[in-house]
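*Asks:* One structure, pasted below without further comment.
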Amino acid sequence: MSNPNSTACVIGRLANDPKVFENKDDSKKVMLTLFVDRGYTDRHGDRISDALPFEAFVRAETQGTGPYAHVHKGDLVSLSYEPRLNRYSRNGAEVFEVKLEIQDINFLEPRAITQARLNERVRRAEAQNQNLQAQVPARAAAAAPAAAHASAVAERPPFG
């Protein structure tokens, strides 16, 4: 961390799996969204969460994506970050864009819990895939008589 006075820390759950983009110099940019609870509840007793976008940079010499390879949707993490203001021109207009750049990530759940959550997601996706595959033969069987009729019609000579 370059300046401890300009850093912040949040705790939340990942909204989705991190997205990784490779740069020309073999470094990587990791983007993730974290659901962060506000410090109060509404009149119904519900706690409101904000979805905050974060980005991190992984050096080229780091194997894979570093610690971001072990974090998945739903995981509870703590992020230390620095706000950055990017200033550039787009179509002749000056654009100011605030980025939240991750400096450090800490895992707040045991690996067994995060792995069980990931395994459950995989199990549900495989079950959904099997259901979709089971529907394909049923649709193909319903379409088969029409296809057989079409091929029989195509086999008749045009002159009778």
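We label chains A, B, ... in the order they appear in the structure tokens, count residues from 1 in each chain, and number ligands from 1 in the order shown.
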Quick one: everything within 8 Å of A:Val71, counting only C-alpha atoms, minus sequence neighbours fewer than 3 positions away in the same chain. Send it as a CSV table (one decimal) with C-alpha atoms, in the first residue's frame.
*Replies:*
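Below is the file that was written, around-v3.csv:
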```
chain,number,residue,atom,x,y,z
A,17,ASP,CA,-16.9,-15.3,-10.3
A,18,PRO,CA,-14.0,-13.0,-11.0
A,67,PRO,CA,-5.2,-15.5,-4.9
A,68,TYR,CA,-8.1,-14.7,-7.3
A,75,ASP,CA,-17.5,-16.3,-1.0
```
*Asks:* What residues in stretch 15-98 of chain A get the DSSP label strand (DSSP E or B)? Please answer as a ChimeraX atom specification.
*Replies:* /A:19-22,28-41,47-58,76-90,93-98
*Asks:* Stretch 41-55 of chain A: which residues within 10 Å, counting only C-alpha atoms, same-chain residues fewer than 5 positions away excluded, as number ranges by chain?
*Replies:* A: 10, 12-15, 18-20, 29-36, 79, 81-83, 99-103
*Asks:* I need the residues from that last selection saved to file as a PDB file, in the first residue's frame (with C-alpha atoms), if you can.
*Replies:*
```pdb
ATOM      1  CA  VAL A  10     -14.825  -3.640   2.985  1.00  0.00           C
ATOM      2  CA  GLY A  12     -18.828  -8.691   1.526  1.00  0.00           C
ATOM      3  CA  ARG A  13     -19.755 -11.581  -0.718  1.00  0.00           C
ATOM      4  CA  LEU A  14     -18.790 -11.941  -4.347  1.00  0.00           C
ATOM      5  CA  ALA A  15     -21.673 -11.329  -6.734  1.00  0.00           C
ATOM      6  CA  PRO A  18     -13.964 -12.956 -11.032  1.00  0.00           C
ATOM      7  CA  LYS A  19     -13.420 -12.005 -14.669  1.00  0.00           C
ATOM      8  CA  VAL A  20      -9.823 -12.160 -15.849  1.00  0.00           C
ATOM      9  CA  LYS A  29      -6.540  -7.521 -14.815  1.00  0.00           C
ATOM     10  CA  VAL A  30      -9.095  -9.132 -12.493  1.00  0.00           C
ATOM     11  CA  MET A  31     -12.539  -7.590 -12.144  1.00  0.00           C
ATOM     12  CA  LEU A  32     -15.055  -8.613  -9.507  1.00  0.00           C
ATOM     13  CA  THR A  33     -18.208  -7.284  -7.882  1.00  0.00           C
ATOM     14  CA  LEU A  34     -18.729  -7.421  -4.140  1.00  0.00           C
ATOM     15  CA  PHE A  35     -22.068  -7.115  -2.323  1.00  0.00           C
ATOM     16  CA  VAL A  36     -21.350  -4.871   0.673  1.00  0.00           C
ATOM     17  CA  LEU A  79     -10.850  -6.341   0.452  1.00  0.00           C
ATOM     18  CA  TYR A  81      -8.485  -1.082  -1.718  1.00  0.00           C
ATOM     19  CA  GLU A  82      -7.442   2.348  -2.919  1.00  0.00           C
ATOM     20  CA  PRO A  83      -9.778   4.609  -4.847  1.00  0.00           C
ATOM     21  CA  LYS A  99     -11.917   2.886  -9.876  1.00  0.00           C
ATOM     22  CA  LEU A 100     -11.613   0.799  -6.713  1.00  0.00           C
ATOM     23  CA  GLU A 101      -8.249  -0.962  -6.988  1.00  0.00           C
ATOM     24  CA  ILE A 102      -7.728  -3.985  -4.732  1.00  0.00           C
ATOM     25  CA  GLN A 103      -4.517  -3.963  -2.720  1.00  0.00           C
TER      26      GLN A 103
END
```
*Asks:* Could you please write out, as a PyMOL selection string, every residue of stretch 24-136 of chain A that DSSP assigns to helix (DSSP H, G or I)?
*Replies:* chain A and resi 66-70+111-136
*Asks:* For atom CA of A:Val58 and atom CA of A:His70, determine how far apart the two atoms are, in Å to one decimal place.
*Replies:* 13.9 Å
*Asks:* Nearest to A:Val122: which of A:Ala134, A:Lys73, A:Ser80, A:Ala93 is it, counting only C-alpha atoms?
*Replies:*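 Using only C-alpha atoms, A:Val122 sits closest to A:Lys73.
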*Asks:* Expressed in Å to a single decimal, how great is the separation between atom CA of A:Thr65 and atom CA of A:Asp104?
*Replies:*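 Those two atoms sit 13.4 Å apart.
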